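Structure data follow from query-v7.pdb (PDB, C-alpha atoms and all ligand atoms):
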MODEL        1
ATOM      1  CA  MET A   4     -19.794 -19.063  11.364  1.00  0.00           C
ATOM      2  CA  HIS A   5     -19.950 -17.382   7.987  1.00  0.00           C
ATOM      3  CA  THR A   6     -16.851 -17.536   5.774  1.00  0.00           C
ATOM      4  CA  TYR A   7     -15.898 -15.586   2.681  1.00  0.00           C
ATOM      5  CA  ARG A   8     -12.772 -14.826   0.709  1.00  0.00           C
ATOM      6  CA  VAL A   9     -11.122 -11.407   0.485  1.00  0.00           C
ATOM      7  CA  GLY A  10      -8.786 -11.231  -2.515  1.00  0.00           C
ATOM      8  CA  THR A  11      -6.715 -14.318  -3.265  1.00  0.00           C
ATOM      9  CA  ASP A  12      -4.934 -14.834   0.046  1.00  0.00           C
ATOM     10  CA  VAL A  13      -7.384 -14.199   2.882  1.00  0.00           C
ATOM     11  CA  THR A  14     -10.482 -16.003   4.161  1.00  0.00           C
ATOM     12  CA  VAL A  15     -12.655 -14.273   6.747  1.00  0.00           C
ATOM     13  CA  LEU A  16     -14.301 -16.395   9.438  1.00  0.00           C
ATOM     14  CA  ASN A  17     -17.074 -14.095  10.563  1.00  0.00           C
ATOM     15  CA  ASP A  18     -19.153 -14.491  13.707  1.00  0.00           C
ATOM     16  CA  HIS A  19     -21.127 -12.001  15.780  1.00  0.00           C
ATOM     17  CA  GLN A  20     -22.567 -11.603  19.243  1.00  0.00           C
ATOM     18  CA  GLU A  21     -25.491  -9.482  20.412  1.00  0.00           C
ATOM     19  CA  ILE A  22     -24.668  -7.035  23.180  1.00  0.00           C
ATOM     20  CA  PRO A  23     -28.039  -6.035  24.665  1.00  0.00           C
ATOM     21  CA  GLY A  24     -28.557  -2.305  24.517  1.00  0.00           C
ATOM     22  CA  LEU A  25     -25.546  -1.707  22.285  1.00  0.00           C
ATOM     23  CA  GLY A  26     -26.071  -3.754  19.135  1.00  0.00           C
ATOM     24  CA  TYR A  27     -24.285  -6.617  17.422  1.00  0.00           C
ATOM     25  CA  LEU A  28     -20.544  -7.033  17.660  1.00  0.00           C
ATOM     26  CA  PRO A  29     -18.846  -8.485  14.551  1.00  0.00           C
ATOM     27  CA  ILE A  30     -16.125 -10.970  15.544  1.00  0.00           C
ATOM     28  CA  ASN A  31     -13.739 -11.866  12.757  1.00  0.00           C
ATOM     29  CA  ALA A  32     -10.922 -14.373  12.561  1.00  0.00           C
ATOM     30  CA  PHE A  33      -8.918 -14.919   9.383  1.00  0.00           C
ATOM     31  CA  VAL A  34      -6.885 -17.451   7.459  1.00  0.00           C
ATOM     32  CA  LEU A  35      -3.899 -16.063   5.574  1.00  0.00           C
ATOM     33  CA  HIS A  36      -3.178 -18.610   2.854  1.00  0.00           C
ATOM     34  CA  ALA A  37       0.592 -18.210   2.819  1.00  0.00           C
ATOM     35  CA  ARG A  38       3.289 -20.841   2.240  1.00  0.00           C
ATOM     36  CA  GLU A  39       3.252 -21.187   6.027  1.00  0.00           C
ATOM     37  CA  PRO A  40      -0.495 -20.756   6.707  1.00  0.00           C
ATOM     38  CA  VAL A  41      -1.509 -18.293   9.407  1.00  0.00           C
ATOM     39  CA  VAL A  42      -4.727 -18.214  11.431  1.00  0.00           C
ATOM     40  CA  VAL A  43      -5.373 -14.740  12.809  1.00  0.00           C
ATOM     41  CA  ASP A  44      -7.329 -14.929  16.089  1.00  0.00           C
ATOM     42  CA  THR A  45      -9.561 -17.845  17.046  1.00  0.00           C
ATOM     43  CA  GLY A  46     -13.100 -16.612  17.653  1.00  0.00           C
ATOM     44  CA  LEU A  47     -15.473 -16.374  20.578  1.00  0.00           C
ATOM     45  CA  SER A  48     -15.009 -18.218  23.858  1.00  0.00           C
ATOM     46  CA  LEU A  49     -18.555 -19.601  24.115  1.00  0.00           C
ATOM     47  CA  PRO A  50     -19.555 -23.250  24.588  1.00  0.00           C
ATOM     48  CA  ASP A  51     -21.694 -23.353  21.449  1.00  0.00           C
ATOM     49  CA  ARG A  52     -18.843 -22.213  19.189  1.00  0.00           C
ATOM     50  CA  HIS A  53     -16.599 -24.756  17.444  1.00  0.00           C
ATOM     51  CA  PHE A  54     -13.764 -22.820  15.883  1.00  0.00           C
ATOM     52  CA  VAL A  55     -11.573 -25.703  14.751  1.00  0.00           C
ATOM     53  CA  GLU A  56     -14.536 -27.443  13.128  1.00  0.00           C
ATOM     54  CA  ASP A  57     -15.434 -24.218  11.290  1.00  0.00           C
ATOM     55  CA  LEU A  58     -11.811 -23.728  10.272  1.00  0.00           C
ATOM     56  CA  GLY A  59     -11.890 -27.247   8.806  1.00  0.00           C
ATOM     57  CA  ALA A  60     -14.279 -26.010   6.116  1.00  0.00           C
ATOM     58  CA  VAL A  61     -11.546 -23.593   4.947  1.00  0.00           C
ATOM     59  CA  MET A  62      -8.331 -25.617   5.381  1.00  0.00           C
ATOM     60  CA  ASP A  63      -6.976 -28.663   7.168  1.00  0.00           C
ATOM     61  CA  PRO A  64      -6.278 -27.375  10.712  1.00  0.00           C
ATOM     62  CA  ALA A  65      -3.257 -29.726  10.896  1.00  0.00           C
ATOM     63  CA  ASP A  66      -1.526 -27.567   8.246  1.00  0.00           C
ATOM     64  CA  VAL A  67      -1.676 -24.347  10.298  1.00  0.00           C
ATOM     65  CA  ARG A  68       1.864 -23.113  11.056  1.00  0.00           C
ATOM     66  CA  TRP A  69       1.163 -19.876  12.867  1.00  0.00           C
ATOM     67  CA  ILE A  70      -1.621 -18.575  15.094  1.00  0.00           C
ATOM     68  CA  TRP A  71      -1.332 -14.800  15.194  1.00  0.00           C
ATOM     69  CA  LEU A  72      -3.167 -13.691  18.321  1.00  0.00           C
ATOM     70  CA  THR A  73      -3.740  -9.957  17.874  1.00  0.00           C
ATOM     71  CA  HIS A  74      -4.615  -9.678  21.570  1.00  0.00           C
ATOM     72  CA  PRO A  75      -5.881 -11.987  24.298  1.00  0.00           C
ATOM     73  CA  ASP A  76      -9.498 -10.760  24.621  1.00  0.00           C
ATOM     74  CA  ARG A  77     -12.057 -13.540  24.979  1.00  0.00           C
ATOM     75  CA  ASP A  78     -13.576 -12.889  21.571  1.00  0.00           C
ATOM     76  CA  HIS A  79     -10.194 -13.703  19.989  1.00  0.00           C
ATOM     77  CA  THR A  80      -9.051 -16.717  22.001  1.00  0.00           C
ATOM     78  CA  GLY A  81     -12.050 -19.095  21.846  1.00  0.00           C
ATOM     79  CA  GLY A  82     -10.481 -21.830  19.717  1.00  0.00           C
ATOM     80  CA  LEU A  83      -6.859 -21.287  20.724  1.00  0.00           C
ATOM     81  CA  PHE A  84      -6.155 -24.386  22.786  1.00  0.00           C
ATOM     82  CA  ASP A  85      -8.239 -26.680  20.546  1.00  0.00           C
ATOM     83  CA  LEU A  86      -6.309 -25.381  17.542  1.00  0.00           C
ATOM     84  CA  LEU A  87      -2.967 -25.938  19.265  1.00  0.00           C
ATOM     85  CA  GLU A  88      -4.016 -29.571  19.671  1.00  0.00           C
ATOM     86  CA  ALA A  89      -5.252 -29.896  16.085  1.00  0.00           C
ATOM     87  CA  ALA A  90      -2.205 -28.143  14.596  1.00  0.00           C
ATOM     88  CA  PRO A  91       0.881 -29.804  16.122  1.00  0.00           C
ATOM     89  CA  HIS A  92       3.351 -27.641  14.158  1.00  0.00           C
ATOM     90  CA  ALA A  93       1.667 -24.311  14.919  1.00  0.00           C
ATOM     91  CA  ARG A  94       3.138 -21.662  17.194  1.00  0.00           C
ATOM     92  CA  VAL A  95       1.259 -18.783  18.805  1.00  0.00           C
ATOM     93  CA  ILE A  96       2.496 -15.320  17.881  1.00  0.00           C
ATOM     94  CA  THR A  97       1.918 -12.863  20.702  1.00  0.00           C
ATOM     95  CA  THR A  98       3.810 -10.450  22.940  1.00  0.00           C
ATOM     96  CA  PHE A  99       5.317 -11.148  26.360  1.00  0.00           C
ATOM     97  CA  LEU A 100       2.341  -9.300  27.862  1.00  0.00           C
ATOM     98  CA  GLY A 101      -0.131 -11.261  25.737  1.00  0.00           C
ATOM     99  CA  ALA A 102       1.372 -14.583  26.811  1.00  0.00           C
ATOM    100  CA  GLY A 103       1.253 -13.459  30.431  1.00  0.00           C
ATOM    101  CA  ILE A 104      -2.387 -12.364  30.300  1.00  0.00           C
ATOM    102  CA  LEU A 105      -3.409 -15.617  28.613  1.00  0.00           C
ATOM    103  CA  SER A 106      -1.544 -17.729  31.107  1.00  0.00           C
ATOM    104  CA  THR A 107      -3.450 -16.301  34.071  1.00  0.00           C
ATOM    105  CA  GLU A 108      -6.411 -18.310  32.828  1.00  0.00           C
ATOM    106  CA  ARG A 109      -4.711 -21.365  31.335  1.00  0.00           C
ATOM    107  CA  PRO A 110      -0.967 -21.758  30.896  1.00  0.00           C
ATOM    108  CA  LEU A 111       0.228 -21.442  27.330  1.00  0.00           C
ATOM    109  CA  PRO A 112       2.848 -24.053  26.418  1.00  0.00           C
ATOM    110  CA  LEU A 113       5.842 -21.724  26.156  1.00  0.00           C
ATOM    111  CA  ASP A 114       7.600 -23.927  23.590  1.00  0.00           C
ATOM    112  CA  ARG A 115       4.655 -23.157  21.283  1.00  0.00           C
ATOM    113  CA  VAL A 116       4.937 -19.380  21.773  1.00  0.00           C
ATOM    114  CA  TYR A 117       6.733 -17.024  19.367  1.00  0.00           C
ATOM    115  CA  LEU A 118       7.201 -13.567  20.876  1.00  0.00           C
ATOM    116  CA  LEU A 119       6.911 -10.727  18.379  1.00  0.00           C
ATOM    117  CA  ASN A 120       6.626  -7.040  19.200  1.00  0.00           C
ATOM    118  CA  PRO A 121       5.342  -4.065  17.196  1.00  0.00           C
ATOM    119  CA  GLY A 122       8.153  -2.949  14.881  1.00  0.00           C
ATOM    120  CA  GLN A 123       9.428  -6.481  14.293  1.00  0.00           C
ATOM    121  CA  GLN A 124       8.732  -8.768  11.339  1.00  0.00           C
ATOM    122  CA  LEU A 125       8.363 -12.454  10.603  1.00  0.00           C
ATOM    123  CA  ASP A 126       9.280 -14.311   7.396  1.00  0.00           C
ATOM    124  CA  ILE A 127       6.709 -17.014   6.586  1.00  0.00           C
ATOM    125  CA  GLY A 128       8.215 -18.346   3.374  1.00  0.00           C
ATOM    126  CA  ASP A 129       6.569 -16.356   0.603  1.00  0.00           C
ATOM    127  CA  ARG A 130       6.135 -13.047   2.428  1.00  0.00           C
ATOM    128  CA  SER A 131       6.996 -11.075   5.535  1.00  0.00           C
ATOM    129  CA  LEU A 132       4.522  -9.982   8.171  1.00  0.00           C
ATOM    130  CA  HIS A 133       5.292  -6.585   9.693  1.00  0.00           C
ATOM    131  CA  ALA A 134       3.970  -6.164  13.236  1.00  0.00           C
ATOM    132  CA  PHE A 135       2.599  -2.806  14.339  1.00  0.00           C
ATOM    133  CA  ARG A 136       0.513  -1.225  17.076  1.00  0.00           C
ATOM    134  CA  PRO A 137      -2.701   0.165  15.550  1.00  0.00           C
ATOM    135  CA  PRO A 138      -3.668   3.739  16.484  1.00  0.00           C
ATOM    136  CA  LEU A 139      -6.718   2.497  18.437  1.00  0.00           C
ATOM    137  CA  PHE A 140      -6.841  -0.694  20.463  1.00  0.00           C
ATOM    138  CA  ASP A 141      -8.669  -2.222  23.418  1.00  0.00           C
ATOM    139  CA  SER A 142      -5.848  -4.288  24.927  1.00  0.00           C
ATOM    140  CA  PRO A 143      -2.277  -3.230  25.768  1.00  0.00           C
ATOM    141  CA  ALA A 144      -1.065  -6.476  24.187  1.00  0.00           C
ATOM    142  CA  THR A 145      -2.511  -5.553  20.779  1.00  0.00           C
ATOM    143  CA  THR A 146      -0.298  -6.263  17.759  1.00  0.00           C
ATOM    144  CA  GLY A 147      -1.619  -6.009  14.211  1.00  0.00           C
ATOM    145  CA  PHE A 148       0.383  -6.671  11.065  1.00  0.00           C
ATOM    146  CA  TYR A 149       0.875  -5.803   7.420  1.00  0.00           C
ATOM    147  CA  ASP A 150       1.351  -8.611   4.884  1.00  0.00           C
ATOM    148  CA  ASP A 151       3.810  -7.283   2.307  1.00  0.00           C
ATOM    149  CA  ARG A 152       2.692  -9.736  -0.409  1.00  0.00           C
ATOM    150  CA  SER A 153      -1.120  -9.447  -0.358  1.00  0.00           C
ATOM    151  CA  ARG A 154      -0.816  -5.900   1.057  1.00  0.00           C
ATOM    152  CA  VAL A 155      -3.583  -6.685   3.551  1.00  0.00           C
ATOM    153  CA  VAL A 156      -3.489  -4.971   6.944  1.00  0.00           C
ATOM    154  CA  PHE A 157      -4.801  -6.870   9.953  1.00  0.00           C
ATOM    155  CA  SER A 158      -5.696  -4.086  12.361  1.00  0.00           C
ATOM    156  CA  SER A 159      -7.083  -6.087  15.301  1.00  0.00           C
ATOM    157  CA  ASP A 160      -9.938  -4.167  16.999  1.00  0.00           C
ATOM    158  CA  CYS A 161      -8.864  -0.759  15.668  1.00  0.00           C
ATOM    159  CA  PHE A 162     -12.138  -0.403  13.757  1.00  0.00           C
ATOM    160  CA  GLY A 163     -14.213  -2.674  16.012  1.00  0.00           C
ATOM    161  CA  ALA A 164     -17.662  -1.444  17.042  1.00  0.00           C
ATOM    162  CA  PRO A 165     -21.154  -2.787  17.750  1.00  0.00           C
ATOM    163  CA  LEU A 166     -23.422  -2.405  14.709  1.00  0.00           C
ATOM    164  CA  PRO A 167     -27.194  -1.815  14.649  1.00  0.00           C
ATOM    165  CA  SER A 168     -28.208  -5.242  13.252  1.00  0.00           C
ATOM    166  CA  ALA A 169     -26.999  -8.823  12.884  1.00  0.00           C
ATOM    167  CA  GLU A 170     -27.169  -8.369   9.104  1.00  0.00           C
ATOM    168  CA  LEU A 171     -24.659  -5.523   9.247  1.00  0.00           C
ATOM    169  CA  ALA A 172     -22.446  -7.449  11.684  1.00  0.00           C
ATOM    170  CA  THR A 173     -22.239 -10.307   9.179  1.00  0.00           C
ATOM    171  CA  GLY A 174     -21.912  -8.090   6.113  1.00  0.00           C
ATOM    172  CA  THR A 175     -18.930  -8.271   3.790  1.00  0.00           C
ATOM    173  CA  ASP A 176     -18.686  -4.570   2.935  1.00  0.00           C
ATOM    174  CA  VAL A 177     -18.327  -1.901   5.599  1.00  0.00           C
ATOM    175  CA  ARG A 178     -19.759   0.644   3.160  1.00  0.00           C
ATOM    176  CA  ALA A 179     -23.209  -0.841   3.907  1.00  0.00           C
ATOM    177  CA  VAL A 180     -23.025   0.532   7.453  1.00  0.00           C
ATOM    178  CA  PRO A 181     -24.978   3.809   7.621  1.00  0.00           C
ATOM    179  CA  PRO A 182     -23.351   6.794   9.330  1.00  0.00           C
ATOM    180  CA  THR A 183     -24.595   7.170  12.891  1.00  0.00           C
ATOM    181  CA  PRO A 184     -24.098   9.878  15.487  1.00  0.00           C
ATOM    182  CA  CYS A 185     -20.884   9.513  17.418  1.00  0.00           C
ATOM    183  CA  ALA A 186     -20.905   8.268  20.957  1.00  0.00           C
ATOM    184  CA  PRO A 187     -20.892  11.070  23.544  1.00  0.00           C
ATOM    185  CA  GLY A 188     -17.349  11.701  24.593  1.00  0.00           C
ATOM    186  CA  SER A 189     -15.760  10.467  21.398  1.00  0.00           C
ATOM    187  CA  CYS A 190     -14.404  13.954  20.693  1.00  0.00           C
ATOM    188  CA  CYS A 191     -13.614  14.993  24.247  1.00  0.00           C
ATOM    189  CA  GLY A 192      -9.863  14.867  23.796  1.00  0.00           C
ATOM    190  CA  PRO A 193      -7.605  16.755  21.430  1.00  0.00           C
ATOM    191  CA  PRO A 194      -8.860  16.602  17.833  1.00  0.00           C
ATOM    192  CA  SER A 195      -8.068  13.171  16.479  1.00  0.00           C
ATOM    193  CA  THR A 196      -8.008  12.319  12.790  1.00  0.00           C
ATOM    194  CA  ALA A 197      -8.565   8.680  13.681  1.00  0.00           C
ATOM    195  CA  LEU A 198     -11.821   9.580  15.467  1.00  0.00           C
ATOM    196  CA  GLY A 199     -12.946  11.939  12.726  1.00  0.00           C
ATOM    197  CA  CYS A 200     -12.625  15.019  14.951  1.00  0.00           C
ATOM    198  CA  THR A 201     -11.831  18.460  13.676  1.00  0.00           C
ATOM    199  CA  GLY A 202     -11.645  21.857  15.321  1.00  0.00           C
ATOM    200  CA  SER A 203      -9.394  23.193  18.004  1.00  0.00           C
ATOM    201  CA  THR A 204      -8.196  21.486  21.133  1.00  0.00           C
ATOM    202  CA  THR A 205     -10.624  23.475  23.252  1.00  0.00           C
ATOM    203  CA  THR A 206     -13.640  23.057  20.951  1.00  0.00           C
ATOM    204  CA  PRO A 207     -13.287  19.754  19.113  1.00  0.00           C
ATOM    205  CA  THR A 208     -16.034  19.010  16.612  1.00  0.00           C
ATOM    206  CA  CYS A 209     -16.935  15.594  15.319  1.00  0.00           C
ATOM    207  CA  ALA A 210     -16.695  15.415  11.529  1.00  0.00           C
ATOM    208  CA  THR A 211     -19.446  12.778  11.445  1.00  0.00           C
ATOM    209  CA  CYS A 212     -22.196  14.334  13.579  1.00  0.00           C
ATOM    210  CA  GLY A 213     -21.030  17.947  13.611  1.00  0.00           C
ATOM    211  CA  ARG A 214     -21.453  18.190  17.387  1.00  0.00           C
ATOM    212  CA  CYS A 215     -18.891  19.058  19.973  1.00  0.00           C
ATOM    213  CA  SER A 216     -19.354  16.276  22.475  1.00  0.00           C
ATOM    214  CA  ARG A 217     -17.333  18.114  25.112  1.00  0.00           C
ATOM    215  CA  SER A 218     -19.762  21.054  25.067  1.00  0.00           C
ATOM    216  CA  THR A 219     -22.753  18.716  25.389  1.00  0.00           C
ATOM    217  CA  GLN A 220     -21.250  17.242  28.516  1.00  0.00           C
ATOM    218  CA  THR A 221     -20.478  20.481  30.317  1.00  0.00           C
TER     219      THR A 221
HETATM  220 FE    FE A 301     -10.644  -6.683  21.919  1.00  0.00          FE
ENDMDL
END

As structure tokens, how would this structure be written, given the file I've shared?
Amino acid sequence: MHTYRVGTDVTVLNDHQEIPGLGYLPINAFVLHAREPVVVDTGLSLPDRHFVEDLGAVMDPADVRWIWLTHPDRDHTGGLFDLLEAAPHARVITTFLGAGILSTERPLPLDRVYLLNPGQQLDIGDRSLHAFRPPLFDSPATTGFYDDRSRVVFSSDCFGAPLPSAELATGTDVRAVPPTPCAPGSCCGPPSTALGCTGSTTTPTCATCGRCSRSTQT
């Protein structure tokens, strides 16, 4: 685990995992150093990962008050139950769907769950966290948030993607990632600003690679 600070209020706990044939997936969890400290996601679910131990290098896990689970994918839930044990006052922020999905594998203690939906907000003492559904996500339970004090947005997997090397997956500045051709099919729907597509609905063109992926598929 590689940790670094972003601004005054956020520490990134960065990990990565090779996906053969695709590249290296960055996997980030975060500490929001608020009056009521928040851990955002809890890392990979692999036996050689020790999330709570790694978190201990950043803060005392016993002081964690909130665990904001952006969604219950296995690369976000690795240290969840260990952290619940280490942080007796912490509650897990998730949606009804997120709690349900998690509990199919191992029941979440419902008295430790705080349900929060996109559009709602939570006061954590020195700031409010505003929950929202990012424009792109890989789980229907996804909930990101905006911290109105540090003005940091936690967007869950909205910008998640495998990168060409482990060095890039552990990098601290996304501007180091070179532009690469878009995946086939990325512009097959209506033009999407989020995907960098321009052009008409019938002939979308990717702003990054200049190709119309629909025409290459037909
Ligand atoms: Fe995910």

Closest to A:Ala134 among A:Val156, A:Pro91, A:Arg115, A:Glu21, using all atoms listed in the file?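 The closest residue to A:Ala134 is A:Val156.
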
Go through the shown structure with the PyMOL selection byres (((not hetatm)) within 7 of (chain A and resi 301)) and write out the matching residues as an MDAnalysis selection string. chainID A and resid 74 76 78 141:142 160

What's the separation between atom CA of A:Glu39 and atom CA of A:His92, in Å to one decimal place?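 So the two atoms, atom CA of A:Glu39 and atom CA of A:His92, lie 10.4 Å apart.
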
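Across the model, the gap from atom CA of A:Gly59 to atom CA of A:Glu108 is 26.2 Å.
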
Select all residues near (-27.8, -0.3, 16.5) (cut-off 8 Å, inclusive, file coordinates), counting all atoms listed in the file, and output them as a PyMOL selection string. chain A and resi 25-27+165-168

Just C-alpha atoms for this one: save the residues we selected as a PDB file, in the coordinates of the input.
ATOM      1  CA  LEU A  25     -25.546  -1.707  22.285  1.00  0.00           C
ATOM      2  CA  GLY A  26     -26.071  -3.754  19.135  1.00  0.00           C
ATOM      3  CA  TYR A  27     -24.285  -6.617  17.422  1.00  0.00           C
ATOM      4  CA  PRO A 165     -21.154  -2.787  17.750  1.00  0.00           C
ATOM      5  CA  LEU A 166     -23.422  -2.405  14.709  1.00  0.00           C
ATOM      6  CA  PRO A 167     -27.194  -1.815  14.649  1.00  0.00           C
ATOM      7  CA  SER A 168     -28.208  -5.242  13.252  1.00  0.00           C
TER       8      SER A 168
END

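Residue nearest A:Tyr117, chosen from A:Val55, A:Ile70, A:Ala65, A:Ile30 and counting all atoms listed in the file: A:Ile70.
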
Counting all atoms listed in the file, the residue of A:Cys161, A:Leu113, A:Ala90, A:Val9 that sits nearest A:Thr73: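 Of all the options, A:Cys161 lies closest to A:Thr73.
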